[in-house]
$ cat start.pdb   # PDB, C-alpha atoms, pLDDT in the B column
ATOM      1  CA  MET A  24      -7.105  30.561 -33.309  1.00 62.00           C
ATOM      2  CA  PHE A  25      -3.622  29.646 -34.505  1.00 74.00           C
ATOM      3  CA  SER A  26      -2.000  31.388 -31.532  1.00 82.00           C
ATOM      4  CA  ILE A  27      -4.137  29.374 -29.095  1.00 79.00           C
ATOM      5  CA  ILE A  28      -2.997  26.155 -30.737  1.00 76.00           C
ATOM      6  CA  ILE A  29       0.641  27.276 -30.501  1.00 85.00           C
ATOM      7  CA  VAL A  30       0.233  28.060 -26.785  1.00 85.00           C
ATOM      8  CA  ILE A  31      -1.406  24.694 -26.051  1.00 79.00           C
ATOM      9  CA  VAL A  32       1.248  22.764 -27.973  1.00 80.00           C
ATOM     10  CA  SER A  33       4.021  24.741 -26.237  1.00 86.00           C
ATOM     11  CA  ILE A  34       2.637  24.056 -22.756  1.00 84.00           C
ATOM     12  CA  ASN A  35       2.178  20.359 -23.471  1.00 83.00           C
ATOM     13  CA  SER A  36       5.665  20.102 -24.955  1.00 86.00           C
ATOM     14  CA  LEU A  37       7.116  21.770 -21.864  1.00 87.00           C
ATOM     15  CA  TYR A  38       5.366  19.369 -19.501  1.00 85.00           C
ATOM     16  CA  TRP A  39       6.251  16.360 -21.641  1.00 86.00           C
ATOM     17  CA  SER A  40       9.907  17.365 -21.728  1.00 89.00           C
ATOM     18  CA  LEU A  41       9.956  17.965 -17.952  1.00 88.00           C
ATOM     19  CA  ILE A  42       8.537  14.508 -17.246  1.00 88.00           C
ATOM     20  CA  HIS A  43      11.008  12.962 -19.676  1.00 90.00           C
ATOM     21  CA  TYR A  44      13.887  14.935 -18.109  1.00 91.00           C
ATOM     22  CA  VAL A  45      13.075  13.767 -14.567  1.00 90.00           C
ATOM     23  CA  SER A  46      12.815  10.186 -15.852  1.00 90.00           C
ATOM     24  CA  GLY A  47      16.234  10.599 -17.439  1.00 91.00           C
ATOM     25  CA  LEU A  48      17.682  11.840 -14.162  1.00 90.00           C
ATOM     26  CA  PHE A  49      16.394   8.733 -12.407  1.00 90.00           C
ATOM     27  CA  LYS A  50      18.139   6.682 -15.083  1.00 91.00           C
ATOM     28  CA  VAL A  51      21.393   8.592 -14.448  1.00 91.00           C
ATOM     29  CA  VAL A  52      21.207   7.743 -10.739  1.00 89.00           C
ATOM     30  CA  ARG A  53      20.556   4.112 -11.643  1.00 89.00           C
ATOM     31  CA  LEU A  54      23.624   4.011 -13.895  1.00 90.00           C
ATOM     32  CA  LYS A  55      25.764   5.643 -11.212  1.00 88.00           C
ATOM     33  CA  LEU A  56      24.588   3.037  -8.718  1.00 84.00           C
ATOM     34  CA  LEU A  57      25.294   0.175 -11.109  1.00 84.00           C
ATOM     35  CA  HIS A  58      28.875   1.404 -11.622  1.00 84.00           C
ATOM     36  CA  PHE A  59      29.293   2.164  -7.944  1.00 77.00           C
ATOM     37  CA  SER A  60      31.124  -1.066  -7.149  1.00 74.00           C
ATOM     38  CA  THR A  61      33.971  -0.151  -9.532  1.00 78.00           C
ATOM     39  CA  PHE A  62      35.456   2.314  -7.019  1.00 75.00           C
ATOM     40  CA  SER A  63      38.330   0.653  -5.229  1.00 75.00           C
ATOM     41  CA  SER A  64      39.310   3.264  -2.646  1.00 79.00           C
ATOM     42  CA  GLU A  65      37.036   4.007   0.256  1.00 78.00           C
ATOM     43  CA  LYS A  66      37.390   7.795  -0.076  1.00 84.00           C
ATOM     44  CA  SER A  67      36.336   7.847  -3.717  1.00 84.00           C
ATOM     45  CA  ARG A  68      33.446   5.509  -2.896  1.00 81.00           C
ATOM     46  CA  ILE A  69      32.262   7.769  -0.067  1.00 82.00           C
ATOM     47  CA  ASP A  70      32.531  10.863  -2.274  1.00 87.00           C
ATOM     48  CA  GLU A  71      30.558   9.164  -5.060  1.00 85.00           C
ATOM     49  CA  LEU A  72      27.944   7.964  -2.555  1.00 83.00           C
ATOM     50  CA  ASN A  73      27.522  11.525  -1.271  1.00 87.00           C
ATOM     51  CA  ASN A  74      27.166  12.788  -4.857  1.00 89.00           C
ATOM     52  CA  ILE A  75      24.559  10.125  -5.586  1.00 86.00           C
ATOM     53  CA  ILE A  76      22.627  11.015  -2.431  1.00 86.00           C
ATOM     54  CA  GLU A  77      22.625  14.707  -3.343  1.00 90.00           C
ATOM     55  CA  LEU A  78      21.542  13.997  -6.918  1.00 89.00           C
ATOM     56  CA  HIS A  79      18.818  11.600  -5.769  1.00 87.00           C
ATOM     57  CA  ASP A  80      17.543  14.194  -3.296  1.00 88.00           C
ATOM     58  CA  VAL A  81      17.344  16.823  -6.036  1.00 90.00           C
ATOM     59  CA  ILE A  82      15.543  14.398  -8.334  1.00 88.00           C
ATOM     60  CA  PHE A  83      13.174  13.336  -5.572  1.00 86.00           C
ATOM     61  CA  ARG A  84      12.234  16.951  -4.842  1.00 87.00           C
ATOM     62  CA  SER A  85      11.934  17.703  -8.575  1.00 87.00           C
ATOM     63  CA  ALA A  86       9.572  14.780  -9.090  1.00 86.00           C
ATOM     64  CA  ARG A  87       7.375  15.905  -6.193  1.00 85.00           C
ATOM     65  CA  SER A  88       7.335  19.495  -7.468  1.00 87.00           C
ATOM     66  CA  LEU A  89       6.523  18.294 -10.967  1.00 84.00           C
ATOM     67  CA  GLU A  90       3.640  16.214  -9.659  1.00 83.00           C
ATOM     68  CA  GLU A  91       2.281  19.153  -7.658  1.00 83.00           C
ATOM     69  CA  ALA A  92       2.518  21.400 -10.715  1.00 82.00           C
ATOM     70  CA  LEU A  93       0.894  18.865 -13.018  1.00 81.00           C
ATOM     71  CA  ASN A  94      -1.952  17.705 -10.759  1.00 80.00           C
ATOM     72  CA  VAL A  95      -4.449  20.450 -11.522  1.00 81.00           C
ATOM     73  CA  TYR A  96      -3.279  20.851 -15.107  1.00 79.00           C
ATOM     74  CA  MET A  97      -3.739  17.151 -15.813  1.00 79.00           C
ATOM     75  CA  LEU A  98      -7.177  17.172 -14.197  1.00 81.00           C
ATOM     76  CA  ILE A  99      -8.207  20.031 -16.467  1.00 81.00           C
ATOM     77  CA  GLN A 100      -6.615  18.367 -19.506  1.00 78.00           C
ATOM     78  CA  PHE A 101      -8.245  14.989 -18.985  1.00 80.00           C
ATOM     79  CA  GLY A 102     -11.599  16.580 -18.135  1.00 84.00           C
ATOM     80  CA  THR A 103     -11.374  18.639 -21.312  1.00 80.00           C
ATOM     81  CA  CYS A 104     -10.397  15.548 -23.298  1.00 80.00           C
ATOM     82  CA  ILE A 105     -13.435  13.646 -22.024  1.00 85.00           C
ATOM     83  CA  ILE A 106     -15.753  16.539 -22.904  1.00 87.00           C
ATOM     84  CA  MET A 107     -14.126  16.904 -26.331  1.00 81.00           C
ATOM     85  CA  ILE A 108     -14.454  13.175 -27.016  1.00 82.00           C
ATOM     86  CA  CYS A 109     -18.152  13.294 -26.117  1.00 86.00           C
ATOM     87  CA  MET A 110     -18.724  16.348 -28.309  1.00 82.00           C
ATOM     88  CA  THR A 111     -16.756  14.824 -31.181  1.00 79.00           C
ATOM     89  CA  LEU A 112     -18.768  11.629 -31.017  1.00 80.00           C
ATOM     90  CA  MET A 113     -22.008  13.630 -31.000  1.00 83.00           C
ATOM     91  CA  VAL A 114     -20.882  15.539 -34.093  1.00 79.00           C
ATOM     92  CA  LEU A 115     -19.847  12.288 -35.760  1.00 75.00           C
ATOM     93  CA  ILE A 116     -23.276  10.814 -35.100  1.00 80.00           C
ATOM     94  CA  LEU A 117     -25.190  13.893 -36.283  1.00 79.00           C
ATOM     95  CA  ALA A 118     -23.058  14.832 -39.292  1.00 74.00           C
ATOM     96  CA  ILE A 119     -22.873  11.641 -41.297  1.00 73.00           C
ATOM     97  CA  ASP A 120     -23.311  13.386 -44.674  1.00 78.00           C
ATOM     98  CA  ASP A 121     -20.741  16.173 -44.219  1.00 79.00           C
ATOM     99  CA  ARG A 122     -17.435  14.551 -45.247  1.00 80.00           C
ATOM    100  CA  ASP A 123     -15.283  17.631 -44.461  1.00 83.00           C
ATOM    101  CA  LEU A 124     -16.640  17.845 -40.930  1.00 80.00           C
ATOM    102  CA  LEU A 125     -16.119  14.119 -40.427  1.00 78.00           C
ATOM    103  CA  ILE A 126     -12.464  14.412 -41.447  1.00 82.00           C
ATOM    104  CA  LYS A 127     -11.942  17.324 -39.030  1.00 80.00           C
ATOM    105  CA  MET A 128     -13.588  15.416 -36.194  1.00 78.00           C
ATOM    106  CA  VAL A 129     -11.532  12.284 -36.841  1.00 79.00           C
ATOM    107  CA  LEU A 130      -8.361  14.387 -36.791  1.00 82.00           C
ATOM    108  CA  MET A 131      -9.477  16.042 -33.567  1.00 79.00           C
ATOM    109  CA  MET A 132     -10.249  12.661 -32.017  1.00 80.00           C
ATOM    110  CA  SER A 133      -6.806  11.390 -33.077  1.00 83.00           C
ATOM    111  CA  PHE A 134      -5.141  14.414 -31.471  1.00 81.00           C
ATOM    112  CA  ILE A 135      -7.035  13.880 -28.202  1.00 79.00           C
ATOM    113  CA  LEU A 136      -6.204  10.189 -28.013  1.00 82.00           C
ATOM    114  CA  PHE A 137      -2.562  10.892 -28.894  1.00 85.00           C
ATOM    115  CA  HIS A 138      -2.456  13.458 -26.099  1.00 80.00           C
ATOM    116  CA  ILE A 139      -3.734  10.933 -23.548  1.00 81.00           C
ATOM    117  CA  LEU A 140      -1.365   8.271 -24.875  1.00 86.00           C
ATOM    118  CA  VAL A 141       1.709  10.487 -24.512  1.00 86.00           C
ATOM    119  CA  TYR A 142       0.889  11.433 -20.912  1.00 82.00           C
ATOM    120  CA  SER A 143       0.280   7.772 -20.093  1.00 83.00           C
ATOM    121  CA  LEU A 144       3.544   6.653 -21.683  1.00 87.00           C
ATOM    122  CA  LEU A 145       5.572   9.360 -19.961  1.00 86.00           C
ATOM    123  CA  GLY A 146       3.954   8.582 -16.622  1.00 83.00           C
ATOM    124  CA  SER A 147       4.821   4.921 -17.077  1.00 85.00           C
ATOM    125  CA  GLU A 148       8.389   5.854 -17.989  1.00 87.00           C
ATOM    126  CA  LEU A 149       8.715   7.971 -14.841  1.00 86.00           C
ATOM    127  CA  MET A 150       7.326   5.191 -12.691  1.00 85.00           C
ATOM    128  CA  ALA A 151       9.615   2.561 -14.239  1.00 86.00           C
ATOM    129  CA  ALA A 152      12.706   4.773 -13.949  1.00 87.00           C
ATOM    130  CA  SER A 153      12.080   5.426 -10.249  1.00 84.00           C
ATOM    131  CA  ALA A 154      11.561   1.694  -9.642  1.00 85.00           C
ATOM    132  CA  LEU A 155      14.839   0.904 -11.409  1.00 87.00           C
ATOM    133  CA  VAL A 156      16.695   3.096  -8.906  1.00 85.00           C
ATOM    134  CA  ALA A 157      15.431   0.910  -6.058  1.00 83.00           C
ATOM    135  CA  ASN A 158      16.549  -2.208  -7.931  1.00 84.00           C
ATOM    136  CA  ALA A 159      19.991  -0.703  -8.564  1.00 85.00           C
ATOM    137  CA  VAL A 160      20.411   0.172  -4.874  1.00 82.00           C
ATOM    138  CA  TYR A 161      19.564  -3.411  -3.992  1.00 80.00           C
ATOM    139  CA  GLU A 162      22.350  -4.683  -6.265  1.00 81.00           C
ATOM    140  CA  VAL A 163      25.035  -2.501  -4.631  1.00 79.00           C
ATOM    141  CA  PRO A 164      27.306  -4.597  -2.342  1.00 78.00           C
ATOM    142  CA  TRP A 165      26.557  -2.355   0.642  1.00 74.00           C
ATOM    143  CA  TYR A 166      26.765  -5.181   3.194  1.00 75.00           C
ATOM    144  CA  GLN A 167      30.584  -5.156   2.922  1.00 76.00           C
ATOM    145  CA  TRP A 168      30.934  -1.513   3.910  1.00 76.00           C
ATOM    146  CA  SER A 169      31.018   0.416   7.150  1.00 78.00           C
ATOM    147  CA  VAL A 170      27.855   1.054   9.144  1.00 83.00           C
ATOM    148  CA  ALA A 171      27.770   4.750   8.168  1.00 81.00           C
ATOM    149  CA  GLU A 172      27.874   3.880   4.464  1.00 79.00           C
ATOM    150  CA  GLN A 173      25.234   1.190   4.975  1.00 79.00           C
ATOM    151  CA  ARG A 174      22.917   3.747   6.542  1.00 84.00           C
ATOM    152  CA  LYS A 175      23.368   6.101   3.609  1.00 81.00           C
ATOM    153  CA  VAL A 176      22.609   3.346   1.111  1.00 80.00           C
ATOM    154  CA  LEU A 177      19.603   2.276   3.181  1.00 80.00           C
ATOM    155  CA  PHE A 178      18.382   5.879   3.160  1.00 79.00           C
ATOM    156  CA  VAL A 179      18.611   6.007  -0.649  1.00 79.00           C
ATOM    157  CA  TRP A 180      16.878   2.637  -0.896  1.00 79.00           C
ATOM    158  CA  MET A 181      14.016   3.702   1.405  1.00 78.00           C
ATOM    159  CA  ARG A 182      13.537   6.939  -0.507  1.00 77.00           C
ATOM    160  CA  SER A 183      13.640   5.181  -3.861  1.00 74.00           C
ATOM    161  CA  ALA A 184      11.062   2.634  -2.705  1.00 72.00           C
ATOM    162  CA  HIS A 185       8.390   5.326  -3.165  1.00 66.00           C
ATOM    163  CA  LEU A 186       7.341   5.233  -6.802  1.00 62.00           C
ATOM    164  CA  HIS A 187       6.910   8.602  -8.448  1.00 57.00           C
ATOM    165  CA  ILE A 188       3.588   8.631 -10.191  1.00 58.00           C
ATOM    166  CA  CYS A 189       1.873  11.557 -11.866  1.00 55.00           C
ATOM    167  CA  THR A 190      -1.732  11.295 -10.732  1.00 55.00           C
ATOM    168  CA  LEU A 191      -4.783  13.420 -10.972  1.00 52.00           C
ATOM    169  CA  PRO A 192      -5.606  15.301  -7.765  1.00 52.00           C
ATOM    170  CA  ARG A 193      -7.850  13.612  -5.222  1.00 49.00           C
ATOM    171  CA  LEU A 194      -7.585  10.255  -6.941  1.00 52.00           C
ATOM    172  CA  PRO A 195      -6.039   7.407  -4.965  1.00 53.00           C
ATOM    173  CA  ARG A 196      -2.739   5.985  -6.071  1.00 51.00           C
ATOM    174  CA  GLY A 197      -3.077   2.385  -7.006  1.00 50.00           C
ATOM    175  CA  ASN A 198      -1.669  -0.443  -8.975  1.00 47.00           C
ATOM    176  CA  PHE A 199      -2.948  -3.668 -10.465  1.00 41.00           C
ATOM    177  CA  SER A 200      -3.034  -5.565  -7.169  1.00 49.00           C
ATOM    178  CA  THR A 201      -4.976  -2.833  -5.345  1.00 49.00           C
ATOM    179  CA  SER A 202      -7.487  -2.467  -8.168  1.00 44.00           C
ATOM    180  CA  THR A 203      -8.151  -6.200  -8.305  1.00 45.00           C
ATOM    181  CA  ALA A 204      -8.464  -6.342  -4.519  1.00 51.00           C
ATOM    182  CA  LYS A 205     -11.058  -3.543  -4.626  1.00 48.00           C
ATOM    183  CA  ARG A 206     -13.018  -5.317  -7.354  1.00 47.00           C
ATOM    184  CA  SER A 207     -13.173  -8.557  -5.410  1.00 51.00           C
ATOM    185  CA  GLU A 208     -14.643  -6.868  -2.304  1.00 52.00           C
TER     186      GLU A 208
END
$ encode --input "start.pdb" --output "structure tokens"
Amino acid sequence: MFSIIIVIVSINSLYWSLIHYVSGLFKVVRLKLLHFSTFSSEKSRIDELNNIIELHDVIFRSARSLEEALNVYMLIQFGTCIIMICMTLMVLILAIDDRDLLIKMVLMMSFILFHILVYSLLGSELMAASALVANAVYEVPWYQWSVAEQRKVLFVWMRSAHLHICTLPRLPRGNFSTSTAKRSE
């Protein structure tokens, strides 16, 4: 039993750290873009722009791979969490007199809710970090540069306009405006 718990905690820690790492890489690209205007020579600016494009491409592919790897796992995790919450609530209703069992079930319920909270927070962090890259690209004074550099910056901006969201498979991606529009129909 203890080894199963260790395996589950290890897998979750790995996925949590991977999501946090990709979010951190988006933040690195954002910082590089914010300090991009400090380059005075055109050659150093072009070299830094090429480095940023390469790094953003690697991060973009990493985020897509991470989402593909997590889709099925998150579906299983959240499905299991829902079943465990239902079973825990049933036990809590039926075992009012057994104080030891109640304490175990409350701890289990706390673990489940913490698990869901951490995935939600990390998903929000990933989404916010990818949106900040688009904002940082917008603040770069690209309109003063050559057409080739403008195209490269536009390419980074178009690619960063796609938010990276960890979703469950076969569920539509949405936000607040799309969910309110669907409710009003």
$ residues_around --input "start.pdb" --residues "Lys50 in chain A" --least-positions-apart "3" --cutoff "9 Å" --atoms "all atoms listed in the file" --output "list of chain:residue names"
A:Val45, A:Ser46, A:Gly47, A:Arg53, A:Leu54, A:Lys55, A:Ala152, A:Ser153, A:Leu155, A:Val156
$ atom_distance --input "start.pdb" --atom1 "CA of Met128 in chain A" --atom2 "CA of Thr111 in chain A"
6.0 Å
$ residues_around --input "start.pdb" --residues "Val163 in chain A" --least-positions-apart "3" --cutoff "9 Å" --atoms "only C-alpha atoms" --output "PyMOL selection string"
chain A and resi 56-60+159-160+166+176
$ closest_residue --input "start.pdb" --among "A:Tyr161, A:Phe134, A:Tyr44, A:Tyr96" --to "Ile28 in chain A" --atoms "all atoms listed in the file"
A:Phe134
$ atom_distance --input "start.pdb" --atom1 "CA of Leu48 in chain A" --atom2 "CA of Leu93 in chain A"
18.2 Å
$ resolve_selection --input "start.pdb" --expression "the PyMOL selection byres ((chain A and resi 82) around 12)" --output "PDB file with C-alpha atoms, in the coordinates of the input"
ATOM      1  CA  LEU A  41       9.956  17.965 -17.952  1.00 88.00           C
ATOM      2  CA  ILE A  42       8.537  14.508 -17.246  1.00 88.00           C
ATOM      3  CA  TYR A  44      13.887  14.935 -18.109  1.00 91.00           C
ATOM      4  CA  VAL A  45      13.075  13.767 -14.567  1.00 90.00           C
ATOM      5  CA  SER A  46      12.815  10.186 -15.852  1.00 90.00           C
ATOM      6  CA  GLY A  47      16.234  10.599 -17.439  1.00 91.00           C
ATOM      7  CA  LEU A  48      17.682  11.840 -14.162  1.00 90.00           C
ATOM      8  CA  PHE A  49      16.394   8.733 -12.407  1.00 90.00           C
ATOM      9  CA  LYS A  50      18.139   6.682 -15.083  1.00 91.00           C
ATOM     10  CA  VAL A  51      21.393   8.592 -14.448  1.00 91.00           C
ATOM     11  CA  VAL A  52      21.207   7.743 -10.739  1.00 89.00           C
ATOM     12  CA  ARG A  53      20.556   4.112 -11.643  1.00 89.00           C
ATOM     13  CA  ILE A  75      24.559  10.125  -5.586  1.00 86.00           C
ATOM     14  CA  ILE A  76      22.627  11.015  -2.431  1.00 86.00           C
ATOM     15  CA  GLU A  77      22.625  14.707  -3.343  1.00 90.00           C
ATOM     16  CA  LEU A  78      21.542  13.997  -6.918  1.00 89.00           C
ATOM     17  CA  HIS A  79      18.818  11.600  -5.769  1.00 87.00           C
ATOM     18  CA  ASP A  80      17.543  14.194  -3.296  1.00 88.00           C
ATOM     19  CA  VAL A  81      17.344  16.823  -6.036  1.00 90.00           C
ATOM     20  CA  PHE A  83      13.174  13.336  -5.572  1.00 86.00           C
ATOM     21  CA  ARG A  84      12.234  16.951  -4.842  1.00 87.00           C
ATOM     22  CA  SER A  85      11.934  17.703  -8.575  1.00 87.00           C
ATOM     23  CA  ALA A  86       9.572  14.780  -9.090  1.00 86.00           C
ATOM     24  CA  ARG A  87       7.375  15.905  -6.193  1.00 85.00           C
ATOM     25  CA  SER A  88       7.335  19.495  -7.468  1.00 87.00           C
ATOM     26  CA  LEU A  89       6.523  18.294 -10.967  1.00 84.00           C
ATOM     27  CA  LEU A 149       8.715   7.971 -14.841  1.00 86.00           C
ATOM     28  CA  ALA A 152      12.706   4.773 -13.949  1.00 87.00           C
ATOM     29  CA  SER A 153      12.080   5.426 -10.249  1.00 84.00           C
ATOM     30  CA  VAL A 156      16.695   3.096  -8.906  1.00 85.00           C
ATOM     31  CA  VAL A 179      18.611   6.007  -0.649  1.00 79.00           C
ATOM     32  CA  ARG A 182      13.537   6.939  -0.507  1.00 77.00           C
ATOM     33  CA  SER A 183      13.640   5.181  -3.861  1.00 74.00           C
ATOM     34  CA  HIS A 187       6.910   8.602  -8.448  1.00 57.00           C
TER      35      HIS A 187
END
$ atom_distance --input "start.pdb" --atom1 "CA of Phe62 in chain A" --atom2 "CA of Ala171 in chain A"
17.2 Å
$ axis_aligned_box --input "start.pdb" --around "range 35-47 of chain A" --padding-each-side "8 Å" --output "lines of an AutoDock Vina configuration file"
center_x = 9.2
center_y = 16.0
center_z = -19.8
size_x = 30.1
size_y = 27.6
size_z = 26.4
$ resolve_selection --input "start.pdb" --expression "the PyMOL selection byres ((chain A and resi 108) around 12)" --output "PyMOL selection string"
chain A and resi 101-107+109-115+128-136+139
$ closest_residue --input "start.pdb" --among "A:Ala157, A:Leu125, A:Met97, A:Ala92" --to "Leu177 in chain A" --atoms "only C-alpha atoms"
A:Ala157
